[in-house]
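As stored in entry-v2.cif (mmCIF, C-alpha atoms):
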data_structure
#
loop_
_atom_site.label_atom_id
_atom_site.label_comp_id
_atom_site.auth_asym_id
_atom_site.auth_seq_id
_atom_site.Cartn_x
_atom_site.Cartn_y
_atom_site.Cartn_z
CA MET M 370 80.74 75.42 71.27
CA ASN M 371 80.05 76.93 67.86
CA ASP M 372 78.13 75.18 65.10
CA PRO M 373 80.79 73.37 63.02
CA THR M 374 78.89 74.12 59.81
CA THR M 375 78.28 77.86 60.21
CA GLY M 376 80.74 78.88 62.92
CA ARG M 377 77.88 80.48 64.86
CA PRO M 378 76.91 79.50 68.42
CA TRP M 379 73.28 79.08 67.26
CA LYS M 380 71.11 77.87 64.37
CA ALA M 381 69.37 80.34 62.07
CA GLY M 382 66.20 78.24 61.98
CA LEU M 383 64.75 74.77 61.63
CA ALA M 384 66.49 74.03 58.33
CA GLU M 385 69.95 74.45 59.86
CA ALA M 386 69.01 72.07 62.67
CA ILE M 387 68.33 69.26 60.18
CA GLY M 388 71.27 67.01 59.34
CA ASN M 389 74.84 66.83 60.64
CA THR M 390 73.69 64.05 62.97
CA PRO M 391 76.38 62.11 64.86
CA LEU M 392 77.76 58.67 64.09
CA ILE M 393 77.51 56.36 67.10
CA ARG M 394 79.66 53.26 67.50
CA LEU M 395 77.42 50.31 68.30
CA ARG M 396 79.48 48.60 70.97
CA ARG M 397 77.88 45.15 71.09
CA ALA M 398 77.48 44.82 67.32
CA SER M 399 81.09 45.92 66.84
CA ASP M 400 82.39 43.53 69.48
CA VAL M 401 80.55 40.48 68.14
CA THR M 402 81.81 41.08 64.58
CA ALA M 403 85.30 42.39 65.43
CA CYS M 404 84.45 45.29 63.12
CA THR M 405 83.52 48.92 63.67
CA ILE M 406 79.77 49.30 63.17
CA LEU M 407 78.69 52.93 63.16
CA ALA M 408 75.10 54.18 63.08
CA LYS M 409 74.02 57.64 61.96
CA ALA M 410 71.63 58.94 64.62
CA GLU M 411 68.90 60.36 62.40
CA PHE M 412 66.42 60.23 65.29
CA MET M 413 68.25 63.35 66.53
CA ASN M 414 66.76 65.50 63.76
CA PRO M 415 64.13 68.02 64.98
CA GLY M 416 61.18 65.91 63.82
CA GLY M 417 62.79 62.73 65.08
CA SER M 418 63.67 60.95 61.84
CA VAL M 419 65.77 60.82 58.69
CA LYS M 420 62.68 62.02 56.81
CA ASP M 421 63.21 65.55 58.11
CA ARG M 422 65.91 65.66 55.47
CA THR M 423 63.45 64.50 52.80
CA GLY M 424 60.94 67.15 53.77
CA LEU M 425 63.59 69.86 53.65
CA TYR M 426 65.11 68.73 50.34
CA ILE M 427 61.73 68.48 48.59
CA ILE M 428 60.52 71.87 49.84
CA ASP M 429 63.83 73.55 48.98
CA ASP M 430 63.63 72.13 45.46
CA ALA M 431 59.99 73.19 44.98
CA GLU M 432 60.88 76.71 46.11
CA ARG M 433 63.87 76.91 43.75
CA ARG M 434 61.70 75.84 40.81
CA GLY M 435 59.05 78.42 41.73
CA GLU M 436 56.42 75.70 42.19
CA LEU M 437 55.87 76.42 45.88
CA LYS M 438 54.85 79.99 46.58
CA PRO M 439 54.13 81.88 49.85
CA GLY M 440 51.00 80.57 51.53
CA GLY M 441 50.98 77.46 49.34
CA THR M 442 50.00 73.93 50.26
CA ILE M 443 52.01 70.71 50.00
CA VAL M 444 50.27 67.34 49.75
CA GLU M 445 51.96 64.01 50.37
CA GLY M 446 51.17 60.35 50.81
CA THR M 447 53.36 58.94 53.58
CA ALA M 448 53.70 56.25 56.23
CA GLY M 449 54.18 59.11 58.67
CA ASN M 450 57.76 60.29 59.06
CA THR M 451 57.98 62.20 55.77
CA GLY M 452 54.68 63.81 56.66
CA ILE M 453 56.16 64.97 59.95
CA GLY M 454 59.27 66.35 58.25
CA LEU M 455 57.26 68.12 55.56
CA THR M 456 54.80 69.60 58.06
CA LEU M 457 57.50 70.98 60.33
CA VAL M 458 59.44 72.57 57.46
CA ALA M 459 56.16 73.88 56.02
CA ASN M 460 55.24 75.39 59.39
CA ALA M 461 58.60 77.13 59.59
CA ARG M 462 58.18 78.62 56.11
CA GLY M 463 54.52 79.59 56.13
CA TYR M 464 53.06 76.76 54.06
CA ARG M 465 50.20 74.38 54.78
CA CYS M 466 50.57 70.62 54.65
CA THR M 467 48.00 67.92 53.85
CA ILE M 468 49.08 64.37 54.67
CA VAL M 469 47.45 61.19 53.34
CA MET M 470 48.41 58.14 55.40
CA PRO M 471 47.32 54.50 55.68
CA GLU M 472 45.18 54.03 58.77
CA THR M 473 47.31 51.03 59.79
CA GLN M 474 50.28 53.17 60.81
CA SER M 475 51.21 53.53 64.46
CA ARG M 476 48.93 55.54 66.73
CA GLU M 477 51.93 57.59 67.83
CA LYS M 478 52.62 58.90 64.31
CA ILE M 479 48.96 59.67 63.72
CA GLU M 480 48.74 61.67 66.94
CA PHE M 481 52.03 63.46 66.28
CA LEU M 482 50.91 64.62 62.84
CA ARG M 483 47.70 65.99 64.27
CA MET M 484 49.61 67.66 67.11
CA ILE M 485 51.89 69.60 64.75
CA GLY M 486 49.02 70.90 62.62
CA ALA M 487 48.98 68.64 59.57
CA ASP M 488 45.70 68.28 57.72
CA LEU M 489 45.68 64.49 58.13
CA ARG M 490 43.61 62.23 55.87
CA LEU M 491 43.61 58.54 56.87
CA VAL M 492 42.77 56.00 54.17
CA PRO M 493 42.48 52.19 54.11
CA ALA M 494 45.76 50.39 53.49
CA LYS M 495 45.77 49.18 49.88
CA PRO M 496 48.53 47.95 47.52
CA TYR M 497 50.13 50.36 45.07
CA ARG M 498 48.25 48.82 42.14
CA ASP M 499 44.93 49.85 43.75
CA PRO M 500 43.66 53.39 42.91
CA GLY M 501 42.84 53.77 46.62
CA ASN M 502 46.50 53.42 47.64
CA TYR M 503 47.57 56.39 49.76
CA VAL M 504 50.12 57.58 47.17
CA HIS M 505 47.50 57.77 44.41
CA VAL M 506 45.00 59.44 46.73
CA SER M 507 47.56 62.12 47.60
CA ARG M 508 48.37 62.74 43.93
CA ARG M 509 44.70 63.18 43.02
CA LEU M 510 44.14 65.47 46.00
CA ALA M 511 47.04 67.69 44.93
CA GLU M 512 45.72 67.84 41.36
CA GLU M 513 42.18 68.66 42.51
CA THR M 514 43.24 71.44 44.88
CA GLY M 515 46.13 72.93 42.88
CA ALA M 516 48.58 72.08 45.66
CA VAL M 517 52.17 70.93 45.26
CA TRP M 518 52.49 67.14 45.33
CA ALA M 519 55.70 66.22 47.17
CA ASN M 520 55.84 62.78 45.48
CA GLN M 521 58.68 61.53 47.70
CA PHE M 522 58.91 58.14 45.96
CA ASP M 523 59.59 59.47 42.46
CA ASN M 524 60.77 63.02 43.13
CA LEU M 525 64.53 62.87 42.59
CA ALA M 526 65.05 65.87 44.88
CA ASN M 527 64.77 63.27 47.64
CA ARG M 528 67.84 61.25 46.70
CA GLU M 529 69.71 64.30 45.44
CA GLY M 530 69.55 65.82 48.92
CA HIS M 531 71.07 62.68 50.41
CA ARG M 532 73.73 62.70 47.69
CA LEU M 533 74.67 66.27 48.54
CA PHE M 534 74.46 66.03 52.33
CA THR M 535 73.96 62.63 54.01
CA GLY M 536 76.61 60.79 52.01
CA PRO M 537 79.27 63.49 52.34
CA GLU M 538 78.55 63.76 56.08
CA ILE M 539 79.22 60.02 56.51
CA TRP M 540 82.39 60.22 54.42
CA ALA M 541 83.70 63.14 56.48
CA GLN M 542 82.73 61.58 59.81
CA THR M 543 84.56 58.34 58.97
CA GLY M 544 87.53 60.13 57.43
CA GLY M 545 86.83 58.11 54.29
CA ARG M 546 87.40 54.85 56.19
CA ILE M 547 84.20 53.04 55.31
CA ASP M 548 83.92 49.59 53.77
CA ALA M 549 80.14 49.15 53.56
CA PHE M 550 76.84 50.94 54.02
CA THR M 551 73.51 49.25 54.81
CA CYS M 552 70.09 50.85 54.63
CA ALA M 553 66.45 49.87 54.22
CA CYS M 554 64.30 51.42 51.51
CA GLY M 555 60.88 52.99 51.40
CA THR M 556 61.32 55.68 48.78
CA GLY M 557 64.94 54.65 48.20
CA GLY M 558 66.14 58.21 48.65
CA THR M 559 68.45 57.64 51.63
CA LEU M 560 70.08 54.50 50.23
CA ALA M 561 70.40 55.74 46.65
CA GLY M 562 71.60 59.25 47.43
CA THR M 563 74.08 58.12 50.06
CA ALA M 564 75.31 55.32 47.80
CA LEU M 565 75.92 57.72 44.93
CA ALA M 566 77.95 60.02 47.19
CA LEU M 567 80.03 57.22 48.71
CA LYS M 568 80.67 55.42 45.41
CA ALA M 569 81.80 58.70 43.83
CA ARG M 570 84.48 58.92 46.51
CA ASN M 571 85.40 55.23 46.61
CA PRO M 572 83.82 52.75 44.17
CA ASP M 573 84.82 49.87 46.46
CA VAL M 574 82.42 50.90 49.26
CA ARG M 575 79.89 48.06 49.42
CA ILE M 576 76.25 49.16 49.29
CA VAL M 577 73.75 46.71 50.76
CA LEU M 578 69.97 47.12 50.75
CA ALA M 579 68.30 45.90 53.97
CA ASP M 580 64.81 44.61 53.30
CA PRO M 581 62.00 43.28 55.50
CA GLU M 582 59.81 40.30 54.72
CA GLY M 583 56.87 41.27 52.54
CA SER M 584 58.97 43.52 50.32
CA ALA M 585 60.05 42.82 46.74
CA LEU M 586 63.30 44.79 46.79
CA TYR M 587 65.50 41.95 48.06
CA GLY M 588 64.43 39.81 45.11
CA TRP M 589 64.87 42.76 42.75
CA VAL M 590 68.49 43.21 43.80
CA LYS M 591 69.27 39.50 43.87
CA SER M 592 67.55 38.30 40.70
CA ASN M 593 65.52 41.16 39.21
CA ASP M 594 62.40 39.49 40.60
CA LEU M 595 59.73 41.71 42.21
CA THR M 596 57.72 38.83 43.66
CA VAL M 597 56.40 39.63 47.15
CA THR M 598 56.35 36.98 49.89
CA GLY M 599 55.76 37.14 53.64
CA SER M 600 54.85 40.15 55.78
CA SER M 601 56.35 42.46 58.39
CA ILE M 602 55.32 44.76 61.21
CA THR M 603 57.78 47.40 59.98
CA GLU M 604 56.43 50.74 58.75
CA GLY M 605 57.69 53.03 56.01
CA ILE M 606 60.08 50.56 54.38
CA GLY M 607 59.72 47.78 51.84
CA GLN M 608 58.25 48.07 48.38
CA GLY M 609 56.46 46.10 45.68
CA ARG M 610 57.90 48.34 42.97
CA VAL M 611 61.09 50.23 42.18
CA PRO M 612 60.56 53.96 42.86
CA ALA M 613 62.37 56.45 40.64
CA ASN M 614 64.65 57.41 43.54
CA LEU M 615 65.94 53.83 43.69
CA ASP M 616 66.19 53.23 39.96
CA GLY M 617 69.83 53.09 38.85
CA ALA M 618 71.23 53.20 42.38
CA PRO M 619 74.64 51.49 42.70
CA ILE M 620 73.58 48.60 44.97
CA ASP M 621 75.93 45.64 45.40
CA ASP M 622 73.82 43.25 47.45
CA ALA M 623 70.77 42.87 49.69
CA GLU M 624 69.91 41.24 53.01
CA ARG M 625 66.41 40.12 53.97
CA ILE M 626 65.73 40.56 57.68
CA GLY M 627 62.80 38.99 59.52
CA ASP M 628 60.87 40.79 62.26
CA ALA M 629 62.22 38.62 65.08
CA GLU M 630 65.84 39.37 64.12
CA ALA M 631 65.11 43.09 63.82
CA LEU M 632 63.33 43.15 67.20
CA ARG M 633 66.28 41.43 68.85
CA GLU M 634 68.55 44.26 67.71
CA ILE M 635 66.05 46.94 68.76
CA TYR M 636 65.73 45.56 72.28
CA ASP M 637 69.47 44.94 72.55
CA LEU M 638 70.29 48.54 71.59
CA LEU M 639 67.78 49.89 74.08
CA ILE M 640 68.61 47.85 77.16
CA HIS M 641 72.39 47.60 76.68
CA GLU M 642 73.35 50.81 74.85
CA GLY M 643 70.57 53.23 75.76
CA LEU M 644 69.50 53.78 72.16
CA SER M 645 65.74 53.77 71.55
CA VAL M 646 65.08 53.14 67.86
CA GLY M 647 62.26 52.09 65.57
CA THR M 648 61.57 49.14 63.31
CA SER M 649 63.60 50.15 60.26
CA SER M 650 66.63 50.79 62.48
CA GLY M 651 66.44 47.18 63.70
CA ILE M 652 66.44 46.00 60.08
CA ASN M 653 69.43 48.23 59.30
CA VAL M 654 71.53 47.13 62.27
CA ALA M 655 70.81 43.44 61.68
CA ALA M 656 71.93 43.86 58.06
CA ALA M 657 75.07 45.73 59.16
CA ILE M 658 76.00 42.85 61.46
CA ARG M 659 75.55 40.32 58.65
CA VAL M 660 77.63 42.41 56.26
CA ALA M 661 80.38 42.90 58.85
CA GLN M 662 80.52 39.15 59.52
CA ALA M 663 80.83 38.48 55.80
CA LEU M 664 83.60 41.07 55.35
CA GLY M 665 85.59 39.81 58.32
CA PRO M 666 87.36 41.53 61.23
CA GLY M 667 88.73 45.04 60.96
CA HIS M 668 86.19 46.54 58.56
CA THR M 669 83.95 49.58 59.07
CA VAL M 670 80.24 49.34 58.31
CA VAL M 671 77.87 52.33 58.55
CA THR M 672 74.10 52.18 58.84
CA ILE M 673 71.16 54.46 59.66
CA LEU M 674 69.12 54.76 62.87
CA CYS M 675 66.09 56.14 61.06
CA ASP M 676 63.86 57.15 63.96
CA GLY M 677 63.10 56.59 67.64
CA GLY M 678 61.30 53.71 69.31
CA ALA M 679 58.70 55.90 71.04
CA ARG M 680 57.06 56.38 67.65
CA TYR M 681 56.13 52.65 67.70
CA ALA M 682 55.55 52.04 71.42
CA SER M 683 52.05 50.67 70.87
CA LYS M 684 53.54 47.92 68.70
CA LEU M 685 57.17 47.32 69.65
CA PHE M 686 56.51 47.42 73.39
CA ASN M 687 53.04 45.89 73.44
CA ARG M 688 53.24 42.25 74.55
CA GLU M 689 49.67 41.52 73.41
CA PHE M 690 50.37 42.83 69.89
CA LEU M 691 53.69 40.99 69.58
CA THR M 692 52.32 37.71 70.92
CA ALA M 693 49.48 37.85 68.41
CA LYS M 694 52.09 38.17 65.66
CA GLY M 695 54.17 35.30 67.07
CA LEU M 696 57.01 37.67 67.92
CA PRO M 697 59.17 38.00 71.04
CA ALA M 698 58.45 40.80 73.51
CA PRO M 699 61.13 42.49 75.60
CA ALA M 700 61.59 40.77 78.96
CA TRP M 701 60.93 43.95 80.96
CA ILE M 702 57.46 44.58 79.46
CA PRO M 703 54.60 43.07 81.55
#

Take the structure in the file and give it back as structure tokens.
Amino acid sequence: MNDPTTGRPWKAGLAEAIGNTPLIRLRRASDVTACTILAKAEFMNPGGSVKDRTGLYIIDDAERRGELKPGGTIVEGTAGNTGIGLTLVANARGYRCTIVMPETQSREKIEFLRMIGADLRLVPAKPYRDPGNYVHVSRRLAEETGAVWANQFDNLANREGHRLFTGPEIWAQTGGRIDAFTCACGTGGTLAGTALALKARNPDVRIVLADPEGSALYGWVKSNDLTVTGSSITEGIGQGRVPANLDGAPIDDAERIGDAEALREIYDLLIHEGLSVGTSSGINVAAAIRVAQALGPGHTVVTILCDGGARYASKLFNREFLTAKGLPAPAWIP
């Protein structure tokens, strides 16, 4: 079968293998809500997450502007997945990649980044207001070395890529029959860019931000209040500020999802539907179910399966870790 995008029976390189991921009907979520709940399988990107898109969009933009030149270096502060996407695209195009990441991120992501050749710098986890926060460390490192700072949180190339590609893909795959879209936010690029694309085609599509405990974005959407309460085991999503990519996004509502609810969806998808997904995907699916229940039977809700569960095995499938957090473990894990 030929590639539907190019008409060729093969891809020209890594960049062409990123995106055009399938929509998968979530059977149990759809049945319980009497709606059609569809999830975009972003774990099927080459680097295993939606952030492959971010890495590609940011590097493409830097090349177009002449900022990134042959043999150059890209520096980024990331919870892991954007670092993986950036490093793989950089490898394919002859660049080097330096990744600054909080040391609290999953062992699997740390090992993967080292495996693919990233120059990985682990730093203590600190809030954004602290100069030692991984984002600020990455910015200073780029300035000191003359490298390109990817700046995924405030670089609008991030959301613009999703506006040009992710959103239109979802619209085409649903034939324009979409009533709502739910998505968690780290940088805000996926939610904002996709929302802009969908709203441009139908202003009535409902855009709902899915937020974990310990993030301020739910309060920001609901009452313009950035107060942070609670905590979460999720990685790469949730914010105490509004990144530039999220500013001005057409968001209609927000749902706050606790870890236990997200884990229930993660384990349900795995054992009943054969879909292994990570923490943010559990947040997204739980929010999609809530939105579908509020809309009523017969509606179509789309969400994002951001990455795979193997990337968090040491947490999501570790009974000792989960018990210490007061969270349920899957029944099949000893």

The PyMOL selection byres ((chain M and resi 504-516) around 7) on the file shown: which residues, as a list in words?
Gly441, Thr442, Ile443, Val444, Glu445, Gly446, Val469, Pro500, Gly501, Asn502, Tyr503, Val517 and Trp518 of chain M

Would you mind listing what lies within 7 Å of segment 423-426 of chain M as number ranges by chain, with only C-alpha atoms counted and same-chain residues fewer than 5 positions away left out?
M: 384, 451, 454-455, 458, 526-527, 530

Need to verify the contact set: Arg394 of chain M, 9 Å, only C-alpha atoms, exclusion of same-chain residues closer than 3 positions in sequence. Can you return it as a PyMOL selection string?
chain M and resi 398-399+405-408

Quick check on the file I pasted: which residues fall under the PyMOL selection byres ((chain M and resi 482) around 12)? Write them as an MDAnalysis selection string.
chainID M and resid 416 447:457 466:470 474:481 483:491 680

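Here atom CA of Ala561 of chain M stands at a distance of 20.3 Å from atom CA of Ala661 of chain M.
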
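With distances taken over all atoms listed in the file, M:Gln608 is the one residue among M:Gln608, M:Lys409, M:Asn524, M:Gly382 lying closest to Leu595 of chain M.
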